[in-house]
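Chemist: Below are the C-alpha cells for one structure; questions will follow.
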Amino acid sequence: MNFTDVGFLGLGIMGAPMALRLIQAGHNLTVWSHNLEKAEEFSRLNSCRLGRTPAEVAQKSQSCFVCVGDTSMSREVVVGPSGLSEGAARGSLIVDCSTISPTASKQMAADLAAKGIRFLDAPCTGSKAGAENGTLSFMIGGDEAVFEGARPLFQAMGPTLYYCGGPGMGLHAKLTQNLVLGNIVAAFNEGLVLSTSAGVDPKLMIEILNNTGARSGYVSAKADAVLQRNFVPTFSVRWLEKDLGLALDAGGEQGVPLTTTAASQQQMRLAKAMGFGDEDISGSIRALEQISSCQVRDPAD
C-alpha cells in the first residue's frame, strides 16, 4: 500500500491535530473540511494540498482518513455526491475515524467493496491532547490484512491499536467505551452536586473518590477542571449525547436493555438543552447545579 499521498477530511478538535501528525510523519497530505476557510488556513499554515471536494481529495490520495461529527456527515463525505467513493481508485483505502452508527458503517463498507475500495472503521479515543501528542488509541474494524497494511499510518497518530474484528466491530467497541464513560460522567455529576449541596467540601469528596473503589480515569482527569470551572471542550457534551444515542440504537438492534445509559443520555440532553452542549463533557454538571442551586467549585476560589 502506498503511504506517500494521504487525504484527511474533517479538521475539527480531533481532526486537525491528527492531520498534522501525518504531515510530521512525512506524508504528502491533501485536506478537506465542510468549512472551506478552515481547510484553506490549515493548508496554508502547514504547506499541504487542499481538496475542494472529498472526491478531489480521493483523486490525489491512495489512503484517506475521515474524522467528522456524525453518521450523516460521514455518509455524505464517503459515499455522497462528490464523496470519496466518486474519486477513489480501485484498491485505495478509506479509514473512517468518526464515531457513527455501526450499521451505517457496515453498509458503507459493502458499497465501497462493490467498487473495489477498501474500508476500515477506526474510531479513536484520547481526546484533543491525545491527538496533539500522537497518543491516540484506535479500535479497528474491517479486514485484518488491510489493517495490518495500514498500521504505519495509524502509528503516526497513536501507538495503541486494537483490532476488534470485521466491519463495524471497531465502532461497537468505541460505543461501549463511551457508554461506560457517559455513565461515569452522569454518576460523578449527581454525586458531587449531592455531596456539595449537603455541605461536604468538594475537594475532600474528590480526594475520597480518588482513593476508594469509586476512583476512575474520568475523575482523575476532569475533577480539577470542574473545581476550577474550566469547561473548554476536548470532547463536548453534544457529541457524548450523540454517542450514547448510538449505543442505545445498537442496544435496540441487539435486544440488549441499556437502562442506565438511557438515563445518562437524558442528563447530557438536558445539559445541551440548557445551553451547555458545546462545553466539555465535564461542563454537563452545570445543568444539575442550576437545578439544585449549588455549584461544585474549589471553596478557596
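The chains in the C-alpha cells are called A, B, ... from first to last as shown; in each chain the residues are counted from 1, and the ligands are counted from 1 in the order shown.
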Quick one: everything within 10 Å of Ser85 of chain A, counting only C-alpha atoms, minus sequence neighbours fewer than 3 positions away in the same chain. Send it as a PyMOL selection string.
Modeler: chain A and resi 54-55+58-59+77-82+88-90+92+94+108+111-112+115-117
Chemist: Please produce a file of those selected residues containing C-alpha atoms, as a PDB file, in the first residue's frame.
Modeler:
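Printed below is part.pdb as written:
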```
ATOM      1  CA  PRO A  54     -13.973  14.828  -0.980  1.00  0.00           C
ATOM      2  CA  ALA A  55     -13.803  13.312  -4.480  1.00  0.00           C
ATOM      3  CA  ALA A  58      -9.545  10.892  -3.133  1.00  0.00           C
ATOM      4  CA  GLN A  59      -8.177  11.537  -6.615  1.00  0.00           C
ATOM      5  CA  VAL A  77     -18.272  12.530   2.807  1.00  0.00           C
ATOM      6  CA  VAL A  78     -17.697   8.864   1.966  1.00  0.00           C
ATOM      7  CA  VAL A  79     -20.495   7.825  -0.409  1.00  0.00           C
ATOM      8  CA  GLY A  80     -22.482  11.003  -1.099  1.00  0.00           C
ATOM      9  CA  PRO A  81     -22.427  13.183  -4.225  1.00  0.00           C
ATOM     10  CA  SER A  82     -18.826  14.290  -4.854  1.00  0.00           C
ATOM     11  CA  ALA A  88     -11.146   6.866  -5.155  1.00  0.00           C
ATOM     12  CA  ALA A  89      -9.313   4.367  -7.342  1.00  0.00           C
ATOM     13  CA  ARG A  90      -9.817   0.622  -7.053  1.00  0.00           C
ATOM     14  CA  SER A  92      -7.365   2.517  -2.450  1.00  0.00           C
ATOM     15  CA  ILE A  94     -10.742   4.834   3.201  1.00  0.00           C
ATOM     16  CA  MET A 108     -20.750   1.895   3.510  1.00  0.00           C
ATOM     17  CA  ASP A 111     -20.950  -0.201  -1.008  1.00  0.00           C
ATOM     18  CA  LEU A 112     -17.242   0.569  -1.253  1.00  0.00           C
ATOM     19  CA  LYS A 115     -16.285  -0.632  -6.224  1.00  0.00           C
ATOM     20  CA  GLY A 116     -13.051  -2.335  -5.201  1.00  0.00           C
ATOM     21  CA  ILE A 117     -12.333   0.254  -2.474  1.00  0.00           C
TER      22      ILE A 117
END
```
Chemist: As a PyMOL selection string, please: every residue in segment 147-249 of chain A that a backbone DSSP assignment puts in strand (DSSP E).
Modeler: chain A and resi 160-165
Chemist: Include N, CA and C atoms and write out the residues we just selected as a PDB file, in the first residue's frame.
Modeler:
```pdb
ATOM      1  N   THR A 160      -1.416   2.811  20.220  1.00  0.00           N
ATOM      2  CA  THR A 160      -2.254   1.733  20.758  1.00  0.00           C
ATOM      3  C   THR A 160      -3.352   1.398  19.763  1.00  0.00           C
ATOM      4  N   LEU A 161      -3.254   0.208  19.167  1.00  0.00           N
ATOM      5  CA  LEU A 161      -4.163  -0.204  18.105  1.00  0.00           C
ATOM      6  C   LEU A 161      -4.838  -1.511  18.503  1.00  0.00           C
ATOM      7  N   TYR A 162      -6.164  -1.509  18.512  1.00  0.00           N
ATOM      8  CA  TYR A 162      -6.931  -2.699  18.859  1.00  0.00           C
ATOM      9  C   TYR A 162      -7.696  -3.168  17.629  1.00  0.00           C
ATOM     10  N   TYR A 163      -7.323  -4.323  17.104  1.00  0.00           N
ATOM     11  CA  TYR A 163      -8.106  -4.892  16.012  1.00  0.00           C
ATOM     12  C   TYR A 163      -9.278  -5.649  16.635  1.00  0.00           C
ATOM     13  N   CYS A 164     -10.500  -5.242  16.317  1.00  0.00           N
ATOM     14  CA  CYS A 164     -11.698  -5.737  17.002  1.00  0.00           C
ATOM     15  C   CYS A 164     -12.496  -6.749  16.193  1.00  0.00           C
ATOM     16  N   GLY A 165     -12.191  -6.917  14.908  1.00  0.00           N
ATOM     17  CA  GLY A 165     -12.933  -7.877  14.103  1.00  0.00           C
ATOM     18  C   GLY A 165     -13.365  -7.272  12.779  1.00  0.00           C
TER      19      GLY A 165
END
```
Chemist: Identify which of the residues A:Val237, A:Leu248, A:Leu209, A:Cys294 lies closest to Ala271 of chain A, counting only C-alpha atoms when measuring atom-to-atom distances.
Modeler: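 Distance minimum relative to Ala271 of chain A lands on A:Val237.
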Chemist: Counting only C-alpha atoms, which residues of segment 206-257 of chain A sit at most 12 Å from some atom of segment 273-285 of chain A, and what is each one's closest atom pair with its distance in Å to one decimal, listed by chain and rising residue number, as CSV?
Modeler:
```
residue,atom,partner,partner_atom,distance
A:Tyr218,CA,A:Ser282,CA,9.1
A:Val219,CA,A:Ser282,CA,9.7
A:Ser220,CA,A:Ser282,CA,11.9
A:Ala221,CA,A:Ser282,CA,9.9
A:Lys222,CA,A:Ser282,CA,6.6
A:Ala223,CA,A:Ser282,CA,8.1
A:Asp224,CA,A:Ser282,CA,10.1
A:Ala225,CA,A:Ser282,CA,7.7
A:Val226,CA,A:Ser282,CA,6.5
A:Leu227,CA,A:Ser282,CA,10.3
A:Gln228,CA,A:Gly283,CA,11.2
A:Arg229,CA,A:Gly283,CA,8.1
A:Asn230,CA,A:Gly283,CA,8.1
A:Phe231,CA,A:Asp280,CA,5.1
A:Val232,CA,A:Asp280,CA,5.7
A:Pro233,CA,A:Asp280,CA,3.8
A:Thr234,CA,A:Asp280,CA,5.9
A:Phe235,CA,A:Asp280,CA,5.4
A:Ser236,CA,A:Asp280,CA,4.3
A:Val237,CA,A:Ile281,CA,4.5
A:Arg238,CA,A:Gly277,CA,4.8
A:Trp239,CA,A:Gly277,CA,8.2
A:Leu240,CA,A:Ile281,CA,7.2
A:Glu241,CA,A:Gly277,CA,8.8
A:Lys242,CA,A:Gly277,CA,10.8
```
Chemist: Skip segment 10-17 of chain A itself and residues of its chain fewer than 2 positions away, then list as a CSV table (one decimal) with C-alpha atoms, in the first residue's frame all residues within 9 Å of it, counting only C-alpha atoms.
Modeler:
```csv
chain,number,residue,atom,x,y,z
A,8,PHE,CA,-7.6,13.8,5.6
A,19,ALA,CA,-3.8,15.5,10.2
A,20,LEU,CA,-0.8,17.5,11.5
A,21,ARG,CA,0.7,14.3,12.9
A,22,LEU,CA,0.5,12.6,9.5
A,31,VAL,CA,-7.1,18.1,3.3
A,32,TRP,CA,-10.8,19.0,3.1
A,33,SER,CA,-13.3,20.4,5.6
A,34,HIS,CA,-17.0,21.4,5.4
A,35,ASN,CA,-15.6,24.8,6.4
A,38,LYS,CA,-10.7,26.4,7.9
A,39,ALA,CA,-9.3,24.0,5.3
A,42,PHE,CA,-4.8,24.7,7.5
A,65,PHE,CA,-8.9,9.4,6.7
A,66,VAL,CA,-12.2,10.8,7.7
A,67,CYS,CA,-13.0,12.4,11.1
A,68,VAL,CA,-16.4,14.1,11.2
A,69,GLY,CA,-19.2,14.6,13.7
A,127,SER,CA,-9.4,13.5,23.2
A,128,LYS,CA,-7.6,16.6,22.0
A,129,ALA,CA,-4.5,16.0,24.0
A,130,GLY,CA,-4.1,12.5,22.6
A,131,ALA,CA,-4.5,13.9,19.0
A,132,GLU,CA,-1.9,16.6,19.6
A,133,ASN,CA,0.6,14.3,21.2
A,134,GLY,CA,0.2,11.4,18.9
A,157,MET,CA,-1.3,9.3,15.3
A,233,PRO,CA,-14.0,21.4,25.3
A,234,THR,CA,-11.8,18.5,24.5
A,235,PHE,CA,-14.9,16.3,24.0
```
Chemist: Excluding same-chain residues fewer than 6 positions from Leu136 of chain A, what lies within 6 Å of it counting only C-alpha atoms, as a list of chain:residue names?
Modeler: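 The residues that qualify are A:Thr125, A:Gly126, A:Gly130, A:Gly158.
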Chemist: Using only C-alpha atoms, which of A:Ser293, A:Thr53, A:Gln107, A:Ser264 sits nearest Phe188 of chain A?
Modeler: A:Ser264
Chemist: Select, from A:Ser137, A:Gln62, A:Ser292, A:Thr99, the residue with the minimum atom-to-atom distance to Leu244 of chain A, counting only C-alpha atoms.
Modeler: A:Thr99
Chemist: Which one of A:Cys48, A:Ile23, A:Ala247, A:Ala287 sits closest to Leu179 of chain A if you count only C-alpha atoms?
Modeler: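 Of A:Cys48, A:Ile23, A:Ala247, A:Ala287, the one nearest Leu179 of chain A, counting only C-alpha atoms, is A:Ala247.
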Chemist: What separation in Å, quoted to one decimal, exists between atom CA of Gly213 of chain A and atom CA of Leu171 of chain A?
Modeler: 28.8 Å
Chemist: Nearest to Thr196 of chain A among A:Met169, A:Ala110, A:Leu246, A:Leu288, with distances taken over only C-alpha atoms: which residue is it?
Modeler: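 Distance minimum relative to Thr196 of chain A lands on A:Leu288.
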Chemist: Leaving out Val95 of chain A and any residue of its chain fewer than 5 positions from it, which residues lie within 6 Å of it when counting only C-alpha atoms, given as a PyMOL selection string?
Modeler: chain A and resi 65+119-121
